[in-house]
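Asker: A single structure is presented below for examination.
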Amino acid sequence: MDVLDTLSVPIMCAPMAGGPSTPELAAAVTNAGGLGSIAAGYLSPEDFEQSLAQTRALTDTFNANLFVPETVRPDTDDLKRYASALEREFGEAVDVPEFNDDHFSDKIDLVLEHTPEVVTFTFGLPDTAVIRRIKSADCYVGVTVTNSVEAVGSVEAGADFLIVQSTDAGGHLSVHRQDRAVTQTVLPDLIQEVRRKVSVPLIAAGGIGTVRQAQQALDAGAQAVSLGTRFLTAAEAGTKPAHADALVSGEFTRTVQTRAFSGRIARGLANTFTSAMEADQIVGYPHVHYMTSPIRKAHAHDPQMLNLWAGTGFAHCATQSAADIVREFSALRVDRTHG
C-alpha cells in the first residue's frame, strides 16, 4: 500500500536526529493528518527501541529513519589535522575516534521486530537484502536521494518511494557518497529531473517554509513534501532551547553549508563556529561529529558554538504546535497522475 495516498495532508515531518525528533512530535504530525517520523541516528539500540514503543503507543502510523553506514572513510591525517585545528581555535584537546556504524544491524533488527509502517534511509543506499527484509515485514521503504543517479539506483534496489532532497535542506545533505560535490538545483527542478527517471512516489524535501513553496514541489511531480526546519520550533520537538531560540530570534540572518560540525555537508545558521572552522573543514563523517560533540556540549547554551541546523526557509519558523503547522498546509493539492 502507498502510505502517501492515505495522508489527509501530504506532508511528512522530516526525521531529525540528535534530539528534535520525539515520539510526541511524530504522533502529533500523524494524528493531524501528515506522517510523523522518529530518528534512529545517534541513539543507542535501547533508546531507539524505547522510541519505537513510545511512538506506537501514541499513534497508528509513523516513519522510522536510519543512517546508512558510510562507504567513504575519511583520511586519518585529515582527521588529525582537524583535531589540531579544533584545539587551536577552542583550546580543548580533541581525540580522533574510531569509525562506528551507528549500530545499524541492531537497529534493522528492531525495525523488523516493531514494524513501523514506513522505514526510510539517509546517507546512502542499504544493501538490497536489507531492503528486501524490511519490505517482507510489510514496511513501506523509502530512500533519501539528492540526484537522479541516486534515485535510479535506489529504485533498482527495491525502494518503494524516494525522498528527493535539494541543497536548500537544513541539516545533513543525504548525498550517498560524502566526498561527492553537490549540485545546487532548486527543488521543483530537481523533482522534475528525478521524475523523468523513475516512476515511484516522491517526497520533496529542502527549504520548504511556505504553502506556496510546498505546492510548487507538488506541481513539479511530488506526492508529498517533507518539512524539517519548520518543526524544529514545534512545541512537541526536542530541539535544544538555544537552537530553537536562534531560529526565531532574528539574530541569525543566513544559512551556510558546512562540514565543520560533522565532516558531512550540512546546512545550518551561520555562526562563530562555522566561520572559525571554514578554512579547515574536511570530509570526515562520522568521526568529526564525535570530535566536535564535547565542544558543543560544553557550550550548550551558546548558539554561536552549536550546530544550528536550518534550511533556507527558516525565517518562517514560529513557536507553535505541530498540529498548527500541519493545518497550515492542509489546502495542498496533489496531482495523482504523477508517480
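Going by the C-alpha cells order, chains are called A, B, ..., each with residues numbered from 1, while ligands are numbered from 1 in the order shown.
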Check which residues of region 73-189 of chain A sit at most 9 Å from region 29-41 of chain A using only C-alpha atoms, and return one row each with the closest pair of atoms and their distance in Å to one decimal, ordered by chain and rising number, as a Markdown table.

Answerer:
| residue | atom | partner | partner_atom | distance |
| --- | --- | --- | --- | --- |
| A:Asp102 | CA | A:Gly41 | CA | 6.8 |
| A:Lys107 | CA | A:Ala40 | CA | 7.6 |
| A:Val118 | CA | A:Ser37 | CA | 8.8 |

Asker: With region 276-296 of chain A as the partner and 8 Å as the cut-off, tabulate the residues of region 84-183 of chain A that qualify, each row holding the nearest pair of atoms and their distance in Å to one decimal, using only C-alpha atoms, sorted by chain and rising number, as a Markdown table.

Answerer:
| residue | atom | partner | partner_atom | distance |
| --- | --- | --- | --- | --- |
| A:Ala85 | CA | A:Asp280 | CA | 6.9 |
| A:Leu86 | CA | A:Met277 | CA | 7.7 |
| A:Glu89 | CA | A:Ala276 | CA | 7.3 |
| A:Glu92 | CA | A:Ile295 | CA | 7.6 |
| A:Val94 | CA | A:Met291 | CA | 6.1 |
| A:Asp95 | CA | A:Met291 | CA | 6.5 |
| A:Val96 | CA | A:Met291 | CA | 6.4 |
| A:Pro97 | CA | A:His287 | CA | 5.9 |
| A:Glu98 | CA | A:His287 | CA | 7.1 |
| A:Phe99 | CA | A:His287 | CA | 6.5 |
| A:Asn100 | CA | A:Pro286 | CA | 7.5 |
| A:Gln178 | CA | A:Val283 | CA | 6.9 |
| A:Asp179 | CA | A:Val283 | CA | 6.1 |

Asker: Okay, now the selection with all heavy atoms, as a compact mmCIF listing (two decimals), in the first residue's frame?

Answerer:
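And here's again.txt as it stands now:
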# COMPACT_ATOMS: atom_id res chain seq x y z
N ALA A 85 43.23 21.69 14.59
CA ALA A 85 42.58 22.97 14.31
C ALA A 85 41.52 23.28 15.37
O ALA A 85 41.38 24.44 15.81
CB ALA A 85 41.96 22.95 12.92
N LEU A 86 40.76 22.28 15.78
CA LEU A 86 39.76 22.49 16.82
C LEU A 86 40.42 22.90 18.13
O LEU A 86 39.94 23.82 18.83
CB LEU A 86 38.95 21.20 17.04
CG LEU A 86 37.96 20.82 15.93
CD1 LEU A 86 37.45 19.40 16.14
CD2 LEU A 86 36.79 21.79 15.88
N GLU A 89 41.59 26.55 17.88
CA GLU A 89 40.52 27.55 17.92
C GLU A 89 39.82 27.62 19.26
O GLU A 89 39.45 28.70 19.72
CB GLU A 89 39.49 27.23 16.84
CG GLU A 89 39.95 27.50 15.42
CD GLU A 89 40.14 28.98 15.14
OE1 GLU A 89 39.51 29.82 15.82
OE2 GLU A 89 40.93 29.30 14.25
N GLU A 92 40.59 23.20 23.49
CA GLU A 92 40.24 21.93 24.12
C GLU A 92 40.85 20.78 23.33
O GLU A 92 40.73 20.72 22.10
CB GLU A 92 38.72 21.76 24.19
CG GLU A 92 38.04 22.86 25.00
CD GLU A 92 36.53 22.71 25.04
OE1 GLU A 92 36.07 21.56 25.08
OE2 GLU A 92 35.84 23.74 25.01
N VAL A 94 41.32 17.34 21.55
CA VAL A 94 40.33 16.55 20.82
C VAL A 94 40.96 15.22 20.40
O VAL A 94 42.03 15.19 19.79
CB VAL A 94 39.84 17.31 19.56
CG1 VAL A 94 38.89 16.44 18.75
CG2 VAL A 94 39.17 18.62 19.96
N ASP A 95 40.30 14.13 20.74
CA ASP A 95 40.76 12.81 20.32
C ASP A 95 40.11 12.44 18.99
O ASP A 95 38.98 12.84 18.69
CB ASP A 95 40.37 11.76 21.36
CG ASP A 95 41.09 11.97 22.69
OD1 ASP A 95 42.26 12.40 22.66
OD2 ASP A 95 40.47 11.73 23.74
N VAL A 96 40.82 11.65 18.19
CA VAL A 96 40.27 11.13 16.94
C VAL A 96 39.61 9.78 17.22
O VAL A 96 40.29 8.83 17.61
CB VAL A 96 41.37 10.97 15.87
CG1 VAL A 96 40.77 10.35 14.60
CG2 VAL A 96 42.01 12.32 15.56
N PRO A 97 38.31 9.67 17.07
CA PRO A 97 37.60 8.43 17.42
C PRO A 97 37.73 7.36 16.34
O PRO A 97 38.13 7.64 15.20
CB PRO A 97 36.15 8.89 17.55
CG PRO A 97 36.04 10.01 16.55
CD PRO A 97 37.38 10.70 16.58
N GLU A 98 37.36 6.15 16.69
CA GLU A 98 37.28 5.07 15.72
C GLU A 98 35.96 5.18 14.95
O GLU A 98 35.01 5.80 15.41
CB GLU A 98 37.33 3.70 16.43
CG GLU A 98 38.63 3.43 17.17
CD GLU A 98 39.81 3.28 16.23
OE1 GLU A 98 39.61 2.72 15.12
OE2 GLU A 98 40.91 3.72 16.59
N PHE A 99 35.92 4.55 13.78
CA PHE A 99 34.69 4.51 13.00
C PHE A 99 33.62 3.72 13.74
O PHE A 99 33.92 2.72 14.41
CB PHE A 99 34.94 3.86 11.63
CG PHE A 99 33.69 3.64 10.83
CD1 PHE A 99 33.12 4.67 10.11
CD2 PHE A 99 33.07 2.39 10.80
CE1 PHE A 99 31.96 4.48 9.37
CE2 PHE A 99 31.91 2.18 10.06
CZ PHE A 99 31.36 3.23 9.35
N ASN A 100 32.36 4.14 13.62
CA ASN A 100 31.25 3.30 14.09
C ASN A 100 30.09 3.41 13.11
O ASN A 100 29.95 4.40 12.39
CB ASN A 100 30.82 3.68 15.52
CG ASN A 100 29.94 4.90 15.57
OD1 ASN A 100 28.77 4.84 15.21
ND2 ASN A 100 30.50 6.02 16.04
N GLN A 178 29.82 10.78 0.81
CA GLN A 178 30.03 12.04 1.50
C GLN A 178 31.11 12.91 0.86
O GLN A 178 31.18 14.12 1.12
CB GLN A 178 30.35 11.80 2.97
CG GLN A 178 31.65 11.05 3.24
CD GLN A 178 32.02 11.11 4.71
OE1 GLN A 178 31.99 12.17 5.35
NE2 GLN A 178 32.37 9.98 5.30
N ASP A 179 31.96 12.31 0.01
CA ASP A 179 33.03 13.09 -0.63
C ASP A 179 32.62 13.67 -1.96
O ASP A 179 33.41 14.35 -2.62
CB ASP A 179 34.27 12.22 -0.81
CG ASP A 179 34.03 10.97 -1.66
OD1 ASP A 179 32.86 10.60 -1.84
OD2 ASP A 179 35.02 10.39 -2.14

Asker: One number please: CA of Thr239 (chain A) to CA of Phe314 (chain A), in Å, one decimal.

Answerer: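 Value for the CA of Thr239 (chain A)-CA of Phe314 (chain A) distance: 14.1 Å.
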
Asker: Give me, as a PDB file with all heavy atoms, in the first residue's frame, the residues of region 10-69 of chain A that a backbone DSSP run labels helix (DSSP H, G or I).

Answerer:
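The result, written out as result.pdb:
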ATOM      1  N   PRO A  23       8.839  11.036  20.062  1.00  0.00           N
ATOM      2  CA  PRO A  23       7.576  10.327  19.839  1.00  0.00           C
ATOM      3  C   PRO A  23       6.379  11.266  19.836  1.00  0.00           C
ATOM      4  O   PRO A  23       5.437  11.090  19.049  1.00  0.00           O
ATOM      5  CB  PRO A  23       7.531   9.331  21.008  1.00  0.00           C
ATOM      6  CG  PRO A  23       8.971   9.058  21.320  1.00  0.00           C
ATOM      7  CD  PRO A  23       9.646  10.391  21.125  1.00  0.00           C
ATOM      8  N   GLU A  24       6.420  12.258  20.699  1.00  0.00           N
ATOM      9  CA  GLU A  24       5.307  13.208  20.792  1.00  0.00           C
ATOM     10  C   GLU A  24       5.158  14.020  19.500  1.00  0.00           C
ATOM     11  O   GLU A  24       4.041  14.277  19.035  1.00  0.00           O
ATOM     12  CB  GLU A  24       5.513  14.144  21.979  1.00  0.00           C
ATOM     13  CG  GLU A  24       5.402  13.474  23.333  1.00  0.00           C
ATOM     14  CD  GLU A  24       6.646  12.674  23.727  1.00  0.00           C
ATOM     15  OE1 GLU A  24       7.711  12.848  23.074  1.00  0.00           O
ATOM     16  OE2 GLU A  24       6.560  11.875  24.678  1.00  0.00           O
ATOM     17  N   LEU A  25       6.283  14.424  18.914  1.00  0.00           N
ATOM     18  CA  LEU A  25       6.230  15.176  17.658  1.00  0.00           C
ATOM     19  C   LEU A  25       5.726  14.295  16.532  1.00  0.00           C
ATOM     20  O   LEU A  25       4.855  14.695  15.739  1.00  0.00           O
ATOM     21  CB  LEU A  25       7.612  15.737  17.318  1.00  0.00           C
ATOM     22  CG  LEU A  25       7.736  16.488  15.981  1.00  0.00           C
ATOM     23  CD1 LEU A  25       6.791  17.681  15.948  1.00  0.00           C
ATOM     24  CD2 LEU A  25       9.176  16.925  15.743  1.00  0.00           C
ATOM     25  N   ALA A  26       6.265  13.072  16.437  1.00  0.00           N
ATOM     26  CA  ALA A  26       5.828  12.152  15.384  1.00  0.00           C
ATOM     27  C   ALA A  26       4.328  11.900  15.469  1.00  0.00           C
ATOM     28  O   ALA A  26       3.608  11.945  14.462  1.00  0.00           O
ATOM     29  CB  ALA A  26       6.597  10.839  15.490  1.00  0.00           C
ATOM     30  N   ALA A  27       3.851  11.647  16.676  1.00  0.00           N
ATOM     31  CA  ALA A  27       2.437  11.348  16.855  1.00  0.00           C
ATOM     32  C   ALA A  27       1.560  12.558  16.535  1.00  0.00           C
ATOM     33  O   ALA A  27       0.502  12.425  15.915  1.00  0.00           O
ATOM     34  CB  ALA A  27       2.186  10.876  18.287  1.00  0.00           C
ATOM     35  N   ALA A  28       2.000  13.731  16.945  1.00  0.00           N
ATOM     36  CA  ALA A  28       1.207  14.933  16.696  1.00  0.00           C
ATOM     37  C   ALA A  28       1.047  15.187  15.206  1.00  0.00           C
ATOM     38  O   ALA A  28      -0.032  15.575  14.737  1.00  0.00           O
ATOM     39  CB  ALA A  28       1.855  16.140  17.371  1.00  0.00           C
ATOM     40  N   VAL A  29       2.104  14.961  14.432  1.00  0.00           N
ATOM     41  CA  VAL A  29       2.032  15.177  12.988  1.00  0.00           C
ATOM     42  C   VAL A  29       1.108  14.149  12.341  1.00  0.00           C
ATOM     43  O   VAL A  29       0.224  14.499  11.541  1.00  0.00           O
ATOM     44  CB  VAL A  29       3.438  15.125  12.360  1.00  0.00           C
ATOM     45  CG1 VAL A  29       3.349  15.161  10.837  1.00  0.00           C
ATOM     46  CG2 VAL A  29       4.291  16.288  12.869  1.00  0.00           C
ATOM     47  N   THR A  30       1.285  12.881  12.675  1.00  0.00           N
ATOM     48  CA  THR A  30       0.418  11.847  12.097  1.00  0.00           C
ATOM     49  C   THR A  30      -1.036  12.062  12.498  1.00  0.00           C
ATOM     50  O   THR A  30      -1.946  11.983  11.660  1.00  0.00           O
ATOM     51  CB  THR A  30       0.875  10.447  12.554  1.00  0.00           C
ATOM     52  OG1 THR A  30       2.149  10.162  11.981  1.00  0.00           O
ATOM     53  CG2 THR A  30      -0.112   9.380  12.098  1.00  0.00           C
ATOM     54  N   ASN A  31      -1.274  12.345  13.755  1.00  0.00           N
ATOM     55  CA  ASN A  31      -2.647  12.492  14.238  1.00  0.00           C
ATOM     56  C   ASN A  31      -3.339  13.724  13.656  1.00  0.00           C
ATOM     57  O   ASN A  31      -4.578  13.797  13.661  1.00  0.00           O
ATOM     58  CB  ASN A  31      -2.662  12.528  15.763  1.00  0.00           C
ATOM     59  CG  ASN A  31      -2.197  11.216  16.376  1.00  0.00           C
ATOM     60  OD1 ASN A  31      -2.154  10.182  15.705  1.00  0.00           O
ATOM     61  ND2 ASN A  31      -1.819  11.252  17.652  1.00  0.00           N
ATOM     62  N   PRO A  45      20.755   1.317  20.651  1.00  0.00           N
ATOM     63  CA  PRO A  45      19.642   0.421  20.311  1.00  0.00           C
ATOM     64  C   PRO A  45      18.543   0.432  21.373  1.00  0.00           C
ATOM     65  O   PRO A  45      17.359   0.370  21.043  1.00  0.00           O
ATOM     66  CB  PRO A  45      20.321  -0.943  20.209  1.00  0.00           C
ATOM     67  CG  PRO A  45      21.722  -0.629  19.785  1.00  0.00           C
ATOM     68  CD  PRO A  45      22.058   0.646  20.517  1.00  0.00           C
ATOM     69  N   GLU A  46      18.927   0.531  22.635  1.00  0.00           N
ATOM     70  CA  GLU A  46      17.936   0.538  23.713  1.00  0.00           C
ATOM     71  C   GLU A  46      17.045   1.773  23.638  1.00  0.00           C
ATOM     72  O   GLU A  46      15.817   1.682  23.788  1.00  0.00           O
ATOM     73  CB  GLU A  46      18.633   0.470  25.072  1.00  0.00           C
ATOM     74  CG  GLU A  46      19.381  -0.821  25.348  1.00  0.00           C
ATOM     75  CD  GLU A  46      20.722  -0.931  24.615  1.00  0.00           C
ATOM     76  OE1 GLU A  46      21.235   0.118  24.123  1.00  0.00           O
ATOM     77  OE2 GLU A  46      21.249  -2.064  24.517  1.00  0.00           O
ATOM     78  N   ASP A  47      17.657   2.928  23.380  1.00  0.00           N
ATOM     79  CA  ASP A  47      16.871   4.158  23.287  1.00  0.00           C
ATOM     80  C   ASP A  47      16.010   4.177  22.027  1.00  0.00           C
ATOM     81  O   ASP A  47      14.888   4.707  22.034  1.00  0.00           O
ATOM     82  CB  ASP A  47      17.793   5.371  23.317  1.00  0.00           C
ATOM     83  CG  ASP A  47      18.370   5.635  24.698  1.00  0.00           C
ATOM     84  OD1 ASP A  47      17.834   5.084  25.679  1.00  0.00           O
ATOM     85  OD2 ASP A  47      19.371   6.374  24.794  1.00  0.00           O
ATOM     86  N   PHE A  48      16.532   3.605  20.949  1.00  0.00           N
ATOM     87  CA  PHE A  48      15.735   3.528  19.725  1.00  0.00           C
ATOM     88  C   PHE A  48      14.518   2.634  19.935  1.00  0.00           C
ATOM     89  O   PHE A  48      13.404   2.976  19.522  1.00  0.00           O
ATOM     90  CB  PHE A  48      16.590   3.008  18.577  1.00  0.00           C
ATOM     91  CG  PHE A  48      15.859   2.873  17.265  1.00  0.00           C
ATOM     92  CD1 PHE A  48      15.031   3.883  16.795  1.00  0.00           C
ATOM     93  CD2 PHE A  48      16.003   1.721  16.496  1.00  0.00           C
ATOM     94  CE1 PHE A  48      14.353   3.748  15.580  1.00  0.00           C
ATOM     95  CE2 PHE A  48      15.332   1.588  15.287  1.00  0.00           C
ATOM     96  CZ  PHE A  48      14.504   2.597  14.828  1.00  0.00           C
ATOM     97  N   GLU A  49      14.710   1.519  20.599  1.00  0.00           N
ATOM     98  CA  GLU A  49      13.580   0.626  20.861  1.00  0.00           C
ATOM     99  C   GLU A  49      12.538   1.323  21.726  1.00  0.00           C
ATOM    100  O   GLU A  49      11.325   1.195  21.493  1.00  0.00           O
ATOM    101  CB  GLU A  49      14.047  -0.658  21.530  1.00  0.00           C
ATOM    102  CG  GLU A  49      12.909  -1.641  21.788  1.00  0.00           C
ATOM    103  CD  GLU A  49      13.382  -3.026  22.155  1.00  0.00           C
ATOM    104  OE1 GLU A  49      14.438  -3.128  22.812  1.00  0.00           O
ATOM    105  OE2 GLU A  49      12.708  -4.002  21.787  1.00  0.00           O
ATOM    106  N   GLN A  50      12.994   2.081  22.702  1.00  0.00           N
ATOM    107  CA  GLN A  50      12.055   2.811  23.555  1.00  0.00           C
ATOM    108  C   GLN A  50      11.285   3.843  22.730  1.00  0.00           C
ATOM    109  O   GLN A  50      10.066   4.013  22.909  1.00  0.00           O
ATOM    110  CB  GLN A  50      12.801   3.497  24.692  1.00  0.00           C
ATOM    111  CG  GLN A  50      11.889   4.226  25.665  1.00  0.00           C
ATOM    112  CD  GLN A  50      12.670   4.849  26.823  1.00  0.00           C
ATOM    113  OE1 GLN A  50      13.833   5.196  26.697  1.00  0.00           O
ATOM    114  NE2 GLN A  50      12.001   4.994  27.958  1.00  0.00           N
ATOM    115  N   SER A  51      11.980   4.511  21.810  1.00  0.00           N
ATOM    116  CA  SER A  51      11.321   5.496  20.959  1.00  0.00           C
ATOM    117  C   SER A  51      10.279   4.844  20.061  1.00  0.00           C
ATOM    118  O   SER A  51       9.170   5.371  19.874  1.00  0.00           O
ATOM    119  CB  SER A  51      12.375   6.214  20.107  1.00  0.00           C
ATOM    120  OG  SER A  51      11.785   7.220  19.320  1.00  0.00           O
ATOM    121  N   LEU A  52      10.598   3.677  19.510  1.00  0.00           N
ATOM    122  CA  LEU A  52       9.627   2.940  18.699  1.00  0.00           C
ATOM    123  C   LEU A  52       8.378   2.582  19.506  1.00  0.00           C
ATOM    124  O   LEU A  52       7.246   2.780  19.045  1.00  0.00           O
ATOM    125  CB  LEU A  52      10.271   1.661  18.160  1.00  0.00           C
ATOM    126  CG  LEU A  52      11.300   1.801  17.037  1.00  0.00           C
ATOM    127  CD1 LEU A  52      12.082   0.498  16.877  1.00  0.00           C
ATOM    128  CD2 LEU A  52      10.626   2.178  15.726  1.00  0.00           C
ATOM    129  N   ALA A  53       8.597   2.085  20.714  1.00  0.00           N
ATOM    130  CA  ALA A  53       7.469   1.664  21.544  1.00  0.00           C
ATOM    131  C   ALA A  53       6.623   2.862  21.969  1.00  0.00           C
ATOM    132  O   ALA A  53       5.378   2.802  21.958  1.00  0.00           O
ATOM    133  CB  ALA A  53       7.983   0.911  22.764  1.00  0.00           C
ATOM    134  N   GLN A  54       7.263   3.949  22.338  1.00  0.00           N
ATOM    135  CA  GLN A  54       6.521   5.132  22.779  1.00  0.00           C
ATOM    136  C   GLN A  54       5.710   5.738  21.633  1.00  0.00           C
ATOM    137  O   GLN A  54       4.571   6.161  21.827  1.00  0.00           O
ATOM    138  CB  GLN A  54       7.494   6.176  23.344  1.00  0.00           C
ATOM    139  CG  GLN A  54       8.102   5.778  24.674  1.00  0.00           C
ATOM    140  CD  GLN A  54       9.116   6.798  25.175  1.00  0.00           C
ATOM    141  OE1 GLN A  54       9.666   7.581  24.406  1.00  0.00           O
ATOM    142  NE2 GLN A  54       9.382   6.774  26.470  1.00  0.00           N
ATOM    143  N   THR A  55       6.297   5.752  20.444  1.00  0.00           N
ATOM    144  CA  THR A  55       5.576   6.308  19.298  1.00  0.00           C
ATOM    145  C   THR A  55       4.378   5.439  18.947  1.00  0.00           C
ATOM    146  O   THR A  55       3.279   5.937  18.662  1.00  0.00           O
ATOM    147  CB  THR A  55       6.517   6.454  18.091  1.00  0.00           C
ATOM    148  OG1 THR A  55       7.690   7.176  18.472  1.00  0.00           O
ATOM    149  CG2 THR A  55       5.826   7.201  16.961  1.00  0.00           C
ATOM    150  N   ARG A  56       4.574   4.125  18.978  1.00  0.00           N
ATOM    151  CA  ARG A  56       3.472   3.200  18.684  1.00  0.00           C
ATOM    152  C   ARG A  56       2.307   3.386  19.657  1.00  0.00           C
ATOM    153  O   ARG A  56       1.142   3.242  19.290  1.00  0.00           O
ATOM    154  CB  ARG A  56       3.987   1.755  18.750  1.00  0.00           C
ATOM    155  CG  ARG A  56       2.913   0.704  18.561  1.00  0.00           C
ATOM    156  CD  ARG A  56       2.255   0.802  17.199  1.00  0.00           C
ATOM    157  NE  ARG A  56       3.157   0.355  16.141  1.00  0.00           N
ATOM    158  CZ  ARG A  56       3.108   0.807  14.889  1.00  0.00           C
ATOM    159  NH1 ARG A  56       2.203   1.733  14.552  1.00  0.00           N
ATOM    160  NH2 ARG A  56       3.940   0.358  13.974  1.00  0.00           N
ATOM    161  N   ALA A  57       2.618   3.723  20.902  1.00  0.00           N
ATOM    162  CA  ALA A  57       1.565   3.921  21.897  1.00  0.00           C
ATOM    163  C   ALA A  57       0.767   5.200  21.654  1.00  0.00           C
ATOM    164  O   ALA A  57      -0.351   5.341  22.155  1.00  0.00           O
ATOM    165  CB  ALA A  57       2.171   3.943  23.298  1.00  0.00           C
ATOM    166  N   LEU A  58       1.349   6.118  20.850  1.00  0.00           N
ATOM    167  CA  LEU A  58       0.728   7.424  20.662  1.00  0.00           C
ATOM    168  C   LEU A  58       0.020   7.598  19.328  1.00  0.00           C
ATOM    169  O   LEU A  58      -0.815   8.494  19.167  1.00  0.00           O
ATOM    170  CB  LEU A  58       1.791   8.531  20.806  1.00  0.00           C
ATOM    171  CG  LEU A  58       2.443   8.671  22.189  1.00  0.00           C
ATOM    172  CD1 LEU A  58       3.619   9.647  22.106  1.00  0.00           C
ATOM    173  CD2 LEU A  58       1.427   9.160  23.211  1.00  0.00           C
TER     174      LEU A  58
END

Asker: Out of A:Thr146, A:Thr71, A:Thr167, A:Thr59, which residue has the shortest atom-to-atom distance to Pro116 (chain A) when counting only C-alpha atoms?

Answerer: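 Closest to Pro116 (chain A) of all the choices is A:Thr59.
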
Asker: So that I can see what lies close to Glu193 (chain A), please list as a list in words the residues with an atom at most 12 Å from it, counting only C-alpha atoms and leaving out residues fewer than 5 positions away in the same chain.

Answerer: Thr146, Asn147, Ser148, Val149, Glu150, Ala151, Val152, Val164, Ser166, Thr185, Val186, Leu187, Pro188, Val198, Ser199, Leu202, Ala220, Gly221 and Ala222 of chain A

Asker: Please save all heavy atoms of the selected residues as a short mmCIF file (atom, residue, chain, number, x, y, z; two decimals), in the first residue's frame.

Answerer:
data_model
loop_
_atom_site.label_atom_id
_atom_site.label_comp_id
_atom_site.auth_asym_id
_atom_site.auth_seq_id
_atom_site.Cartn_x
_atom_site.Cartn_y
_atom_site.Cartn_z
N THR A 146 19.65 12.69 -3.62
CA THR A 146 19.93 14.09 -3.93
C THR A 146 20.11 14.35 -5.42
O THR A 146 20.34 15.48 -5.82
CB THR A 146 21.20 14.57 -3.19
OG1 THR A 146 22.32 13.79 -3.65
CG2 THR A 146 21.05 14.41 -1.69
N ASN A 147 20.00 13.29 -6.22
CA ASN A 147 20.12 13.45 -7.68
C ASN A 147 19.47 12.26 -8.37
O ASN A 147 19.09 11.27 -7.72
CB ASN A 147 21.58 13.63 -8.10
CG ASN A 147 22.46 12.48 -7.65
OD1 ASN A 147 22.18 11.32 -7.94
ND2 ASN A 147 23.55 12.79 -6.95
N SER A 148 19.38 12.33 -9.68
CA SER A 148 18.68 11.28 -10.42
C SER A 148 19.46 9.97 -10.45
O SER A 148 18.86 8.89 -10.53
CB SER A 148 18.39 11.75 -11.85
OG SER A 148 19.58 12.08 -12.54
N VAL A 149 20.79 10.02 -10.38
CA VAL A 149 21.58 8.79 -10.37
C VAL A 149 21.30 8.00 -9.10
O VAL A 149 21.07 6.78 -9.13
CB VAL A 149 23.08 9.10 -10.50
CG1 VAL A 149 23.92 7.83 -10.32
CG2 VAL A 149 23.39 9.74 -11.85
N GLU A 150 21.31 8.69 -7.96
CA GLU A 150 20.97 8.02 -6.70
C GLU A 150 19.54 7.50 -6.73
O GLU A 150 19.24 6.44 -6.18
CB GLU A 150 21.15 8.99 -5.53
CG GLU A 150 22.60 9.38 -5.27
CD GLU A 150 22.74 10.48 -4.22
OE1 GLU A 150 21.72 11.04 -3.77
OE2 GLU A 150 23.89 10.78 -3.84
N ALA A 151 18.66 8.25 -7.36
CA ALA A 151 17.25 7.85 -7.44
C ALA A 151 17.09 6.55 -8.21
O ALA A 151 16.41 5.62 -7.75
CB ALA A 151 16.43 8.96 -8.10
N VAL A 152 17.71 6.45 -9.36
CA VAL A 152 17.60 5.24 -10.17
C VAL A 152 18.17 4.05 -9.42
O VAL A 152 17.57 2.96 -9.38
CB VAL A 152 18.32 5.44 -11.52
CG1 VAL A 152 18.41 4.11 -12.27
CG2 VAL A 152 17.58 6.47 -12.37
N VAL A 164 13.29 13.17 -2.13
CA VAL A 164 14.20 13.89 -3.02
C VAL A 164 14.59 15.19 -2.35
O VAL A 164 13.75 16.08 -2.16
CB VAL A 164 13.54 14.14 -4.39
CG1 VAL A 164 14.50 14.87 -5.31
CG2 VAL A 164 13.09 12.82 -5.01
N SER A 166 16.84 18.62 -1.88
CA SER A 166 17.66 19.64 -2.52
C SER A 166 18.67 20.21 -1.52
O SER A 166 18.58 19.98 -0.31
CB SER A 166 16.79 20.78 -3.06
OG SER A 166 16.44 21.69 -2.02
N THR A 185 20.61 22.71 -7.13
CA THR A 185 19.44 22.68 -8.01
C THR A 185 18.20 23.01 -7.20
O THR A 185 17.99 22.44 -6.13
CB THR A 185 19.27 21.29 -8.65
OG1 THR A 185 20.47 20.93 -9.33
CG2 THR A 185 18.11 21.29 -9.63
N VAL A 186 17.39 23.93 -7.67
CA VAL A 186 16.18 24.29 -6.93
C VAL A 186 15.25 23.10 -6.89
O VAL A 186 15.22 22.26 -7.81
CB VAL A 186 15.48 25.52 -7.53
CG1 VAL A 186 16.38 26.74 -7.44
CG2 VAL A 186 15.06 25.27 -8.96
N LEU A 187 14.46 22.99 -5.83
CA LEU A 187 13.70 21.78 -5.56
C LEU A 187 12.73 21.40 -6.69
O LEU A 187 12.71 20.22 -7.09
CB LEU A 187 12.96 21.92 -4.23
CG LEU A 187 12.20 20.69 -3.75
CD1 LEU A 187 13.11 19.48 -3.65
CD2 LEU A 187 11.54 20.98 -2.40
N PRO A 188 11.91 22.30 -7.21
CA PRO A 188 11.00 21.86 -8.29
C PRO A 188 11.75 21.29 -9.49
O PRO A 188 11.30 20.30 -10.08
CB PRO A 188 10.24 23.15 -8.64
CG PRO A 188 10.29 23.96 -7.39
CD PRO A 188 11.64 23.69 -6.81
N VAL A 198 12.36 8.02 -12.83
CA VAL A 198 11.72 6.96 -12.04
C VAL A 198 10.22 7.22 -11.96
O VAL A 198 9.76 8.35 -12.15
CB VAL A 198 12.31 6.87 -10.62
CG1 VAL A 198 13.80 6.61 -10.65
CG2 VAL A 198 12.01 8.14 -9.82
N SER A 199 9.47 6.17 -11.64
CA SER A 199 8.01 6.30 -11.58
C SER A 199 7.45 6.10 -10.18
O SER A 199 6.25 6.20 -9.98
CB SER A 199 7.36 5.30 -12.53
OG SER A 199 7.73 3.97 -12.19
N LEU A 202 7.32 10.27 -4.97
CA LEU A 202 8.39 11.14 -4.50
C LEU A 202 7.90 12.05 -3.39
O LEU A 202 6.79 12.59 -3.46
CB LEU A 202 8.93 12.00 -5.64
CG LEU A 202 9.35 11.30 -6.94
CD1 LEU A 202 9.82 12.33 -7.96
CD2 LEU A 202 10.44 10.28 -6.66
N ALA A 220 5.42 20.01 -9.39
CA ALA A 220 6.56 19.53 -10.17
C ALA A 220 6.57 18.01 -10.29
O ALA A 220 7.34 17.46 -11.09
CB ALA A 220 7.87 20.02 -9.57
N GLY A 221 5.75 17.32 -9.48
CA GLY A 221 5.69 15.88 -9.61
C GLY A 221 5.83 15.09 -8.32
O GLY A 221 5.91 13.86 -8.36
N ALA A 222 5.85 15.76 -7.18
CA ALA A 222 5.94 15.05 -5.90
C ALA A 222 4.55 14.67 -5.40
O ALA A 222 3.55 15.32 -5.74
CB ALA A 222 6.65 15.91 -4.86
#

Asker: Between CA of Ala266 (chain A) and CA of Ala159 (chain A), what distance in Å does the model show, to one decimal?

Answerer: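 Computing it gives 24.1 Å between the two atoms.
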